[in-house]
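Shown next, in structure tokens, is the structure this report addresses.
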Number of protein chains: 8
Amino acid sequence: MSIEAAVADLRLLPYEDVGFAKIDHHRALRDALPEVVLAEGKTPAQTAEIAAKIAERTGRLLITRADAACAEGVLAALPNATYHKTARAITLEEEPRRKDPGVTILCGGTADLPVAEEAAVTAELMGHEVERIHDVGVAGLHRLLDHVPALQDARVLVVVAGMEGALPSVVAGLVAVPVIAVPTSVGYGASFGGIAALLAMLNACAAGVSVVNIDNGFGAGYQAAVINRLALNERPD
Amino acid sequence: MSIEAAVADLRLLPYEDVGFAKIDHHRALRDALPEVVLAEGKTPAQTAEIAAKIAERTGRLLITRADAACAEGVLAALPNATYHKTARAITLEEEPRRKDPGVTILCGGTADLPVAEEAAVTAELMGHEVERIHDVGVAGLHRLLDHVPALQDARVLVVVAGMEGALPSVVAGLVAVPVIAVPTSVGYGASFGGIAALLAMLNACAAGVSVVNIDNGFGAGYQAAVINRLALNERPD
Amino acid sequence: MSIEAAVADLRLLPYEDVGFAKIDHHRALRDALPEVVLAEGKTPAQTAEIAAKIAERTGRLLITRADAACAEGVLAALPNATYHKTARAITLEEEPRRKDPGVTILCGGTADLPVAEEAAVTAELMGHEVERIHDVGVAGLHRLLDHVPALQDARVLVVVAGMEGALPSVVAGLVAVPVIAVPTSVGYGASFGGIAALLAMLNACAAGVSVVNIDNGFGAGYQAAVINRLALNERPD
Amino acid sequence: MSIEAAVADLRLLPYEDVGFAKIDHHRALRDALPEVVLAEGKTPAQTAEIAAKIAERTGRLLITRADAACAEGVLAALPNATYHKTARAITLEEEPRRKDPGVTILCGGTADLPVAEEAAVTAELMGHEVERIHDVGVAGLHRLLDHVPALQDARVLVVVAGMEGALPSVVAGLVAVPVIAVPTSVGYGASFGGIAALLAMLNACAAGVSVVNIDNGFGAGYQAAVINRLALNERPD
Amino acid sequence: MSIEAAVADLRLLPYEDVGFAKIDHHRALRDALPEVVLAEGKTPAQTAEIAAKIAERTGRLLITRADAACAEGVLAALPNATYHKTARAITLEEEPRRKDPGVTILCGGTADLPVAEEAAVTAELMGHEVERIHDVGVAGLHRLLDHVPALQDARVLVVVAGMEGALPSVVAGLVAVPVIAVPTSVGYGASFGGIAALLAMLNACAAGVSVVNIDNGFGAGYQAAVINRLALNERPD
Amino acid sequence: MSIEAAVADLRLLPYEDVGFAKIDHHRALRDALPEVVLAEGKTPAQTAEIAAKIAERTGRLLITRADAACAEGVLAALPNATYHKTARAITLEEEPRRKDPGVTILCGGTADLPVAEEAAVTAELMGHEVERIHDVGVAGLHRLLDHVPALQDARVLVVVAGMEGALPSVVAGLVAVPVIAVPTSVGYGASFGGIAALLAMLNACAAGVSVVNIDNGFGAGYQAAVINRLALNERPD
Amino acid sequence: MSIEAAVADLRLLPYEDVGFAKIDHHRALRDALPEVVLAEGKTPAQTAEIAAKIAERTGRLLITRADAACAEGVLAALPNATYHKTARAITLEEEPRRKDPGVTILCGGTADLPVAEEAAVTAELMGHEVERIHDVGVAGLHRLLDHVPALQDARVLVVVAGMEGALPSVVAGLVAVPVIAVPTSVGYGASFGGIAALLAMLNACAAGVSVVNIDNGFGAGYQAAVINRLALNERPD
Amino acid sequence: MSIEAAVADLRLLPYEDVGFAKIDHHRALRDALPEVVLAEGKTPAQTAEIAAKIAERTGRLLITRADAACAEGVLAALPNATYHKTARAITLEEEPRRKDPGVTILCGGTADLPVAEEAAVTAELMGHEVERIHDVGVAGLHRLLDHVPALQDARVLVVVAGMEGALPSVVAGLVAVPVIAVPTSVGYGASFGGIAALLAMLNACAAGVSVVNIDNGFGAGYQAAVINRLALNERPD
């Protein structure tokens with residue numbers, strides 16, 4: 001493709017103006033995922049309106065940080081949608097696709113589950129089967145050791161942890177595939193809302209760890225999905 | 001593989017004690033890369049001694065953060081090694097392997113080159129061909145737009161930037177493959193030694209960005225290599 | 001004007017004591033804007049009382065950070081005032097003046113709208129016509145490129161963004177006029193309530209960017225207005 | 001201008017590759033200033049080579065953060081250049097242009113002079129006459145009051161201060177034109193290398209203040225110049 | 001007094017155990033102020049019980065951070081007490097003493113009043129007459145200049161300010177007596193709950209400024225009172 | 001004094017321009033101390049030139065942060081001056097005045113001595129006799145208890161401490177006079193260059209503590225001197 | 001024990017999966033304490049269900065951060081459990097063991113009591129008798145001196161303090177046994193939710209102090225208990 | 001012992017004034033260790049003088065942070081002293097005592113050795129035998145698993161780690177005895193000189209971890225020694 005064509009293409013990508021937002025429909029082409037809606041800071045009605053537009057055009061939908069009121073509003077408008085309560089996410093997939101294995105998601109404690117599940121739901125909607133390994137904090141190494149073979153079978157790992165954020169370092173030392181680390185705001189006092197875990201993960205002594213924002217389950221699930229897609233020899237559209 | 005076998009295997013992995021350090025030879029098996037030597041904080045003699053042990057056993061070598069004195073010491077012991085001055089790295093590869101394409105490394109300014117080159121040298125030694133796109137900071141968007149087709153050809157991108165650290169957000173909006181962002185300590189005043197760039201990258205509004213530590217070119221090159229290896233359908237040993 | 005006269009003038013500027021505050025009427029002379037009322041931390045009744053004094057003396061009024069209850073209280077006292085809901089601002093202009101073009105205000109996402117609109121309402125009340133370009137975050141460069149000609153027509157730009165705060169760098173690279181950057185507290189985790197965006201903007205690699213406080217739409221609109229007034233060859237009174 | 005033309009223009013802007021850097025010649029067209037060279041982190045030889053290329057093509061030059069060794073190297077290559085020792089800057093202007101008044105630069109203490117002078121040299125090279133008011137810290141209000149008439153004559157003010165960074169607030173309360181505030185790293189202890197002054201300036205209680213990075217005299221001089229150019233009714237090329 | 005006696009005295013100072021607290025009655029002897037009660041974090045009933053004990057023994061009382069509910073509870077138990085609403089303080093003085101002049105308290109904005117009044121009420125209860133100068137922020141220098149003679153008459157000044165915290169620097173440059181600076185949490189964004197003002201005050205370029213904790217009106221009023229007591233040639237008991 | 005006279009007086013205060021600095025001679029009238037010279041960041045020659053001007057006009061001199069080279073330069077020009085090596089200060093007093101008692105200076109460890117001595121030299125030059133109590137850190141309470149009677153004799157205390165900065169809290173609990181606390185940068189690791197001590201002092205649980213900047217011995221000595229002057233019933237000129 | 005046996009043992013330790021959590025029963029063997037339940041972030045029903053499982057298997061229970069609603073839920077399920085209101089903890093001990101002396105817990109102010117009591121309840125459940133010394137802040141040294149003999153009788157001390165966090169330094173200077181310091185979030189302004197106290201304790205100038213997280217009463221009580229167990233010559237099971 | 005006697009004893013403890021420092025000889029009685037000398041910031045001559053006084057009176061000596069020049073100075077004065085190069089410590093023990101087992105010291109990487117050795121030398125001089133386990137970072141779990149039986153034999157553990165500081169969490173999960181965690185400043189970028197490791201250790205998800213200051217090997221060795229002394233049923237003198 002020539003440079004001129006590439007830049008011209010950029011400018012012609014579709015988006016739709018709904019007054020209070022521009023919806024970016026070309027993401028569904030490019031990312032295998034339509035534009036994602038962050039429910040936080042929107043009214044249920046606003047979220048439902050945007051959701052309906054996206055669903056109508058792409059047949060697929062992901063809403064993150066959705067509380068119960070939001071879910072009620074969206075499901076009234078889109079009865080086929082599903083509310084994932086722990087993940088605080090809403091998904092819709094008119095024509096479910098095949099799910100490919102390769103993504104494994106671990107978390108350190110039960111309080112990290114909402115973030116881990118946000119990652120899982122994201123990767124699933126993008127066409128990946130997710131293996132879940134929960135509650136394997138580093139203070140109970142015996143719980144983690146039970147899963148060593150499973151870890152070594154994964155193609156990409158999402159590792160979610162709060163408090164001291166040590167789990168990605170330990171896990172990355174046991175595998176030779178990419179680890180996406182997600183610090184959570186779980187903890188108190190000098191955890192500073194996830195900063196302690198974030199710093200620990202950025203300083204992981206094991207190679208093969210990269211990090212997303214605190215509590216950013218979506219970002220980690222997305223990154224894992226695009227990595228696993230490479231392994232499937234699928235190119236983005 | 002059974003759990004018992006996996007855990008037992010863990011314990012039997014080879015390492016070698018040279019008195020002031022334990023060298024982890026099993027990494028060469030697991031990671032397609034022998035244990036990496038961080039030259040910073042070691043004398044040239046210490047570095048050369050460790051380097052010789054690794055080279056002897058694995059035929060391959062990566063030393064990072066090596067200054068000229070270190071390079072002199074190591075090359076005296078290992079004449080076949082190469083000193084990459086900009087990258088501040090030393091490599092040795094007795095039997096060079098085929099380099100597979102897929103990894104592209106961008107940097108925002110010329111001052112980010114040492115970090116970008118550390119990433120490049122790492123990925124190359126791990127068996128990947130690296131496409132380099134330098135000096136494409138976001139303030140000169142026309143320089144970046146020239147490279148849109150090249151960006152869209154990559155399988156994984158390493159994006160290196162200091163100052164406001166905006167490049168990964170812009171690049172990730174143009175591609176649908178994983179972006180590994182590397183903040184650098186380039187900048188002054190309120191850049192706080194790379195914190196400004198690090199925070200920007202963690203808060204990237206584009207999906208598909210994960211982040212490594214400030215100035216951690218090695219970590220980014222390593223992560224890009226293990227991702228690209230997946231795309232080649234190679235499993236770690 | 002002699003030094004003695006200047007300093008004497010300073011001391012003679014009018015202000016009015018309403019018990020719990022001193023209202024600075026000379027600002028209307030000097031700034032083309034009467035003293036601005038920050039509603040936050042005042043009761044609706046207090047705000048309405050101050051507002052009435054200002055409106056009576058200057059015929060013009062700007063109240064910022066006004067919620068619905070405040071708006072109700074003020075509009076009861078001043079029926080000619082207008083409540084700008086998104087901007088959370090109340091204005092009154094007994095004798096509307098001509099609005100001069102030149103000020104353009106961009107924002108990165110819909111969540112940044114309240115801050116962008118506070119800037120817009122401020123500049124409008126000060127006598128400037130505002131061009132609005134919304135939802136042009138750097139992750140969707142194609143949305144921004146549509147507006148390049150409009151950007152290049154502006155005399156001064158206000159650029160509002162949260163999260164990684166990269167938009168001012170990109171925009172300033174496309175124009176040769178002053179850019180006033182406003183970080184917003186939009187984001188989560190390591191955005192630290194706008195610190196990430198603030199640092200990014202202070203470290204913008206493009207020249208021509210200066211920054212105001214987090215969420216300070218008023219300050220940015222004011223700065224843009226006094227800059228645009230210079231372009232109109234109007235001197236402050 | 002149509003959107004297509006604007007974006008196409010962007011891509012065709014000239015730059016020149018000198019191996020270790022891309023020099024952006026179109027800035028001279030757009031900004032009335034050629035690409036600025038930051039000497040810090042470059043060898044005198046590298047700086048001199050880039051400088052020569054820019055001078056040859058544009059007849060004008062600005063190098064910042066140049067120490068004595070750098071100056072020696074550059075002046076050997078470009079004998080017509082001038083080294084501004086306090087400002088740590090080198091300039092060259094083959095055909096000096098008319099300097100227009102309007103820019104006034106204040107600083108709080110003698111230790112702030114290098115930053116103030118970097119701002120002054122920048123604005124002068126961009127075609128502006130600079131009025132300097134030095135050593136007028138807020139602890140000696142009588143020194144500042146002597147300059148009230150001069151302040152009120154300016155079209156744009158650059159205010160440079162370290163320590164508690166209070167000067168911009170006081171000055172902005174005395175004028176009705178834009179104030180560009182520059183925090184400096186002057187101070188000790190809890191000044192934290194300029195953070196105290198930076199925060200003070202971002203929180204200035206007077207309207208009309210926007211802020212650049214710590215010690216960023218260049219950025220402030222540039223911003224003042226583009227603002228003053230507006231007042232001269234000159235449009236960027 | 002011998003060392004043995006001094007240390008022995010220390011151990012014999014009176015305090016009273018009310019179960020959930022030890023009340024330190026010797027402070028009334030030593031400090032001209034009985035133990036101060038911080039209402040925050042106590043129930044109205046707890047506060048009233050402690051207050052009654054102190055009042056009974058010393059005939060004097062100071063409660064800080066008291067909301068309306070607390071005031072109601074305490075005044076029911078101690079009808080002679082007074083609730084200072086702006087200061088959020090309750091005082092009782094069975095036998096009012098003579099108030100000596102010398103303490104002047106300034107604040108920058110109306111939002112700083114609660115802290116300034118807490119300081120004033122404290123100093124008054126300790127036997128000092130307080131001169132109040134409110135709403136004299138540095139952005140309106142003309143308001144402050146009106147008070148220069150009054151400032152120069154004071155023996156000790158308390159200066160209360162939020163936002164950029166510049167007022168103590170300016171005031172200390174105008175007087176030759178001690179200035180006690182109180183940063184307040186007034187502000188938003190990069191004021192960080194008073195950190196900006198605190199840092200500014202610690203870095204005041206004028207000599208003669210010392211600083212207390214953010215919003216610590218009590219501490220400032222106390223410090224001013226013990227300083228003014230020295231000027232009256234009164235020694236603590 | 002009328003307001004007009006006061007403000008006019010302000011403007012007429014004497015200062016002297018020596019090219020690279022304005023020397024503020026009126027401070028000698030107002031503060032019982034001529035303008036203080038901070039040697040840091042000046043060449044010995046510059047310092048000596050300023051020092052000579054001040055000494056000539058006022059007969060008195062204080063230079064802080066003076067190293068040996070600076071001292072040599074100044075004493076060559078002003079043979080009557082004295083270099084206080086521990087305090088890193090130079091003083092000159094042509095006609096020594098009577099020293100009044102009342103100021104006591106404590107420090108926690110021997111490493112805090114330079115800061116404590118800077119405070120002492122400052123107060124002495126301003127006409128006060130200084131009682132020194134060194135090396136009385138809170139971990140060895142028995143050392144401090146030996147000095148309780150001396151503490152209770154002081155009119156104002158300067159308390160200098162690094163590390164955990166606990167000494168002012170303990171001392172203020174033993175006396176009823178003002179305590180000026182000085183955090184020092186003594187410590188390592190999480191002392192963060194004095195931040196730990198600074199925060200501790202700002203949060204002192206004992207009333208009567210106010211704080212100056214980290215390592216600011218001069219500021220503390222000055223504040224103690226102006227407080228002790230009040231006790232002597234001397235008004236500033 | 002051979003290495004193989006040790007690692008194998010690790011893997012065979014019992015835990016129980018209750019769906020949303022894995023309960024680690026082997027801790028009761030190893031730690032003399034079953035897995036501790038953090039009530040914060042769990043519903044009363046969830047907490048009660050986990051509590052019942054642990055109580056059934058081990059006959060002992062510790063729940064921390066339990067509010068009244070949680071306590072009601074748990075006590076309904078486990079009528080033999082006890083709610084410690086100040087400590088916000090619930091305990092159950094079917095067969096109470098002997099309590100051994102040696103642990104002493106101090107706190108600086110009444111506001112620190114919840115944290116101190118959490119530590120006390122933890123140590124008691126683990127089999128230790130706790131000596132409590134409350135409200136002995138460093139500003140009232142006479143209160144602390146009364147307890148010197150008691151301090152010198154302890155085998156291990158827990159010292160709890162907020163604000164400036166000085167108490168551990170003073171106490172550790174009086175004893176020769178381990179001091180476990182607990183910073184609390186008690187304070188305001190520059191206490192930063194316990195950071196000031198935390199830093200002070202990490203920088204304690206007295207040897208023998210180690211620190212746990214802010215408000216981590218449980219962690220301190222646990223550490224004191226395992227230390228005191230050593231003194232009893234009991235080995236963990 | 002009565003309270004009067006205890007407090008009186010406090011005051012009578014011996015110390016010696018050598019002009020620039022007070023040497024606290026009673027520590028040798030109380031702590032089984034004479035006053036420790038921190039060489040940093042002292043000249044070799046000063047260190048040697050203090051060392052000689054302590055050695056003469058107690059026959060034992062510990063100097064920390066001693067570089068080669070210091071060691072040369074001290075060993076010239078005290079030929080029986082020993083310089084521990086890695087630990088940067090000097091010890092002297094005229095009459096070596098029996099060393100009791102129980103203290104085990106681990107470190108994560110070879111760069112942490114100086115801190116680990118400072119801890120080891122301290123504990124040894126205080127009468128304890130130290131088991132050393134080096135280079136067992138969490139990224140190579142197989143190295144650590146080899147030492148599980150040794151870990152479970154210890155009575156108290158010192159765990160030293162930089163970078164992400166995860167080792168104490170993992171180790172504390174494997175043992176039931178106290179773990180003293182020491183963060184080191186080893187790392188770069190977002191390790192912030194040891195802050196990342198410090199925060200991780202304070203947030204350790206395993207119970208039984210308490211933390212000392214960054215790089216504070218001495219403090220950790222001391223704490224381990226006083227804990228192990230308890231296990232030996234020895235009471236401090």
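Here's how to read the names in the structure tokens: chain A, B, ... by the order shown, residue numbers from 1 in each chain, ligand numbers from 1 in the order shown.
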
- [ ] Enumerate as an MDAnalysis selection string the residues belonging to chain C that approach chain A to within 8 Å, with only C-alpha atoms taken into account.
- [x] chainID C and resid 109:111 135 141:143 145:146 188:190

Output N, CA and C atoms of each residue in that selection to a file, as a CSV table (one decimal), in the first residue's frame.
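Printed below is again.csv as written:
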chain,number,residue,atom,x,y,z
C,109,GLY,N,-11.9,13.9,24.7
C,109,GLY,CA,-12.9,12.9,24.8
C,109,GLY,C,-14.2,13.5,25.4
C,110,THR,N,-15.3,12.8,25.3
C,110,THR,CA,-16.5,13.4,25.8
C,110,THR,C,-16.5,13.7,27.3
C,111,ALA,N,-15.7,13.0,28.0
C,111,ALA,CA,-15.6,13.3,29.5
C,111,ALA,C,-14.9,14.6,29.8
C,135,ASP,N,-13.9,15.7,20.9
C,135,ASP,CA,-13.8,14.2,20.8
C,135,ASP,C,-12.7,13.8,19.7
C,141,LEU,N,-6.4,9.4,15.1
C,141,LEU,CA,-5.8,10.5,14.5
C,141,LEU,C,-6.7,11.0,13.3
C,142,HIS,N,-7.4,10.0,12.7
C,142,HIS,CA,-8.2,10.4,11.5
C,142,HIS,C,-9.3,11.4,11.9
C,143,ARG,N,-9.8,11.4,13.1
C,143,ARG,CA,-10.7,12.4,13.5
C,143,ARG,C,-10.1,13.8,13.6
C,145,LEU,N,-7.3,14.8,12.0
C,145,LEU,CA,-6.8,15.3,10.7
C,145,LEU,C,-7.9,16.0,9.9
C,146,ASP,N,-9.2,15.6,10.1
C,146,ASP,CA,-10.3,16.3,9.5
C,146,ASP,C,-10.3,17.8,9.8
C,188,TYR,N,-8.2,7.1,35.3
C,188,TYR,CA,-8.2,6.4,36.6
C,188,TYR,C,-6.9,5.8,36.8
C,189,GLY,N,-6.7,5.1,38.0
C,189,GLY,CA,-5.4,4.5,38.3
C,189,GLY,C,-4.3,5.5,38.2
C,190,ALA,N,-3.3,5.2,37.4
C,190,ALA,CA,-2.1,6.0,37.4
C,190,ALA,C,-2.3,7.4,36.7

Open item on the list: Write out as an NGL selection string the set of residues from range 3-231 of chain G that DSSP, computed on the backbone, places in helix (DSSP H, G or I).
Closed with: :G and (3-12 or 26-31 or 44-58 or 68-77 or 110-125 or 138-145 or 148-153 or 167-172 or 189-202 or 217-231)

TODO: For range 75-82 of chain B, work out the shell of residues within 10 Å, counting only C-alpha atoms and skipping chain neighbours fewer than 3 positions away, then give it as a PyMOL selection string.
DONE: chain B and resi 45+48-49+51-52+55-56+60-62+70-72+85+89-94

With all heavy atoms retained, export the selected residues as a CSV table (one decimal), in the first residue's frame.
chain,number,residue,atom,x,y,z
B,45,ALA,N,36.4,-6.8,34.9
B,45,ALA,CA,36.9,-8.1,35.1
B,45,ALA,C,35.8,-9.1,35.5
B,45,ALA,O,35.7,-10.2,35.0
B,45,ALA,CB,38.0,-8.1,36.1
B,48,ALA,N,33.6,-9.7,32.5
B,48,ALA,CA,34.3,-10.6,31.5
B,48,ALA,C,34.3,-12.0,32.0
B,48,ALA,O,34.1,-13.0,31.2
B,48,ALA,CB,35.7,-10.1,31.3
B,49,GLU,N,34.5,-12.2,33.3
B,49,GLU,CA,34.5,-13.6,33.8
B,49,GLU,C,33.1,-14.3,33.6
B,49,GLU,O,33.0,-15.4,33.2
B,49,GLU,CB,34.9,-13.6,35.3
B,49,GLU,CG,34.9,-15.0,35.9
B,49,GLU,CD,35.3,-15.1,37.3
B,49,GLU,OE1,35.8,-14.0,37.9
B,49,GLU,OE2,35.1,-16.1,38.0
B,51,ALA,N,30.8,-13.4,31.6
B,51,ALA,CA,30.5,-13.5,30.1
B,51,ALA,C,31.2,-14.7,29.5
B,51,ALA,O,30.6,-15.4,28.7
B,51,ALA,CB,31.0,-12.2,29.4
B,52,ALA,N,32.4,-15.0,29.9
B,52,ALA,CA,33.2,-16.1,29.4
B,52,ALA,C,32.5,-17.4,29.7
B,52,ALA,O,32.3,-18.3,28.9
B,52,ALA,CB,34.6,-16.1,29.9
B,55,ALA,N,29.3,-17.7,27.6
B,55,ALA,CA,29.6,-17.9,26.2
B,55,ALA,C,30.1,-19.3,26.0
B,55,ALA,O,29.7,-20.0,25.0
B,55,ALA,CB,30.7,-16.9,25.7
B,56,GLU,N,30.9,-19.8,26.9
B,56,GLU,CA,31.5,-21.1,26.7
B,56,GLU,C,30.3,-22.2,26.7
B,56,GLU,O,30.3,-23.1,25.9
B,56,GLU,CB,32.4,-21.4,27.9
B,56,GLU,CG,33.0,-22.7,27.9
B,56,GLU,CD,33.9,-22.9,29.2
B,56,GLU,OE1,33.9,-21.9,30.0
B,56,GLU,OE2,34.4,-24.0,29.4
B,60,ARG,N,26.4,-18.0,23.2
B,60,ARG,CA,25.7,-16.8,22.9
B,60,ARG,C,25.7,-15.9,24.2
B,60,ARG,O,25.9,-16.4,25.3
B,60,ARG,CB,24.2,-17.0,22.5
B,60,ARG,CG,24.2,-18.0,21.3
B,60,ARG,CD,22.8,-18.5,21.0
B,60,ARG,NE,22.0,-17.5,20.5
B,60,ARG,CZ,20.8,-17.1,21.0
B,60,ARG,NH1,20.4,-17.7,22.1
B,60,ARG,NH2,20.1,-16.2,20.5
B,61,LEU,N,25.6,-14.6,24.0
B,61,LEU,CA,25.8,-13.7,25.1
B,61,LEU,C,25.1,-12.4,24.9
B,61,LEU,O,25.1,-11.9,23.7
B,61,LEU,CB,27.4,-13.4,25.2
B,61,LEU,CG,27.9,-12.5,26.2
B,61,LEU,CD1,27.7,-13.1,27.6
B,61,LEU,CD2,29.4,-12.2,26.0
B,62,LEU,N,24.6,-11.8,25.9
B,62,LEU,CA,24.1,-10.4,25.9
B,62,LEU,C,24.5,-9.7,27.2
B,62,LEU,O,24.2,-10.2,28.3
B,62,LEU,CB,22.6,-10.4,25.7
B,62,LEU,CG,21.9,-9.0,25.8
B,62,LEU,CD1,22.5,-8.0,24.8
B,62,LEU,CD2,20.4,-9.1,25.7
B,70,CYS,N,34.2,-1.5,30.0
B,70,CYS,CA,33.7,-2.8,30.1
B,70,CYS,C,33.8,-3.6,28.7
B,70,CYS,O,34.2,-4.7,28.7
B,70,CYS,CB,32.2,-2.7,30.5
B,70,CYS,SG,31.3,-4.3,30.3
B,71,ALA,N,33.5,-2.8,27.6
B,71,ALA,CA,33.6,-3.4,26.3
B,71,ALA,C,35.0,-3.9,26.0
B,71,ALA,O,35.3,-5.0,25.5
B,71,ALA,CB,33.1,-2.4,25.3
B,72,GLU,N,36.0,-3.1,26.4
B,72,GLU,CA,37.4,-3.4,26.2
B,72,GLU,C,37.7,-4.7,26.9
B,72,GLU,O,38.4,-5.6,26.4
B,72,GLU,CB,38.2,-2.2,26.7
B,72,GLU,CG,39.6,-2.2,26.1
B,72,GLU,CD,40.4,-1.0,26.6
B,72,GLU,OE1,39.8,0.0,27.0
B,72,GLU,OE2,41.7,-1.0,26.6
B,85,LYS,N,27.8,0.4,20.4
B,85,LYS,CA,28.1,1.5,21.2
B,85,LYS,C,26.9,2.3,21.6
B,85,LYS,O,26.7,2.7,22.7
B,85,LYS,CB,29.1,2.4,20.4
B,85,LYS,CG,29.7,3.5,21.3
B,85,LYS,CD,30.7,4.3,20.4
B,85,LYS,CE,31.0,5.6,21.2
B,85,LYS,NZ,31.9,6.5,20.3
B,89,ALA,N,25.6,-2.1,24.5
B,89,ALA,CA,25.4,-3.6,24.7
B,89,ALA,C,26.5,-4.3,24.0
B,89,ALA,O,27.1,-3.9,23.0
B,89,ALA,CB,24.1,-4.0,24.1
B,90,ILE,N,26.8,-5.5,24.5
B,90,ILE,CA,27.8,-6.4,23.9
B,90,ILE,C,27.0,-7.7,23.6
B,90,ILE,O,26.3,-8.3,24.4
B,90,ILE,CB,29.0,-6.7,24.8
B,90,ILE,CG1,29.7,-5.4,25.2
B,90,ILE,CG2,29.9,-7.8,24.2
B,90,ILE,CD1,30.6,-5.6,26.4
B,91,THR,N,27.2,-8.2,22.3
B,91,THR,CA,26.6,-9.5,22.0
B,91,THR,C,27.6,-10.5,21.4
B,91,THR,O,28.7,-10.1,20.9
B,91,THR,CB,25.5,-9.3,20.9
B,91,THR,OG1,26.0,-8.7,19.8
B,91,THR,CG2,24.3,-8.5,21.5
B,92,LEU,N,27.3,-11.7,21.5
B,92,LEU,CA,28.1,-12.8,20.9
B,92,LEU,C,27.1,-13.9,20.4
B,92,LEU,O,26.2,-14.2,21.1
B,92,LEU,CB,29.1,-13.4,21.9
B,92,LEU,CG,29.9,-14.6,21.4
B,92,LEU,CD1,30.9,-14.1,20.4
B,92,LEU,CD2,30.6,-15.3,22.6
B,93,GLU,N,27.4,-14.3,19.2
B,93,GLU,CA,26.5,-15.4,18.7
B,93,GLU,C,27.4,-16.3,17.8
B,93,GLU,O,27.6,-16.0,16.7
B,93,GLU,CB,25.4,-14.7,17.8
B,93,GLU,CG,24.1,-15.5,17.7
B,93,GLU,CD,23.1,-14.9,16.9
B,93,GLU,OE1,23.3,-13.8,16.2
B,93,GLU,OE2,21.9,-15.4,16.8
B,94,GLU,N,27.8,-17.4,18.4
B,94,GLU,CA,28.8,-18.2,17.7
B,94,GLU,C,28.2,-18.8,16.4
B,94,GLU,O,28.8,-18.7,15.4
B,94,GLU,CB,29.2,-19.4,18.6
B,94,GLU,CG,29.9,-19.0,19.9
B,94,GLU,CD,31.3,-18.6,19.6
B,94,GLU,OE1,31.8,-18.5,18.5
B,94,GLU,OE2,32.0,-18.3,20.6

- [ ] Compile the contact shell of range 166-169 of chain F as a PyMOL selection string: residues with an atom at most 9 Å away, counting only C-alpha atoms, same-chain residues fewer than 3 positions apart removed.
- [x] (chain F and resi 106-108+136-138+158-163+172-173+179-182+197+200-201+203-207+209) or (chain G and resi 138-139+164-167+169-170+200+204)

TODO: Using DSSP on the backbone coordinates, identify all residues within range 44-236 of chain G classified as strand (DSSP E or B); present the result as a PyMOL selection string.
DONE: chain G and resi 60-64+82-84+89-93+100-107+128-133+156-161+179-183+209-211

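The space separating CA of Phe192 in chain C from CA of Phe218 in chain G comes to 29.0 Å.
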
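Using only C-alpha atoms, the nearest neighbour of Ser210 in chain A within the list B:Leu125, B:Val148, B:Val186, B:Ile227 is B:Ile227.
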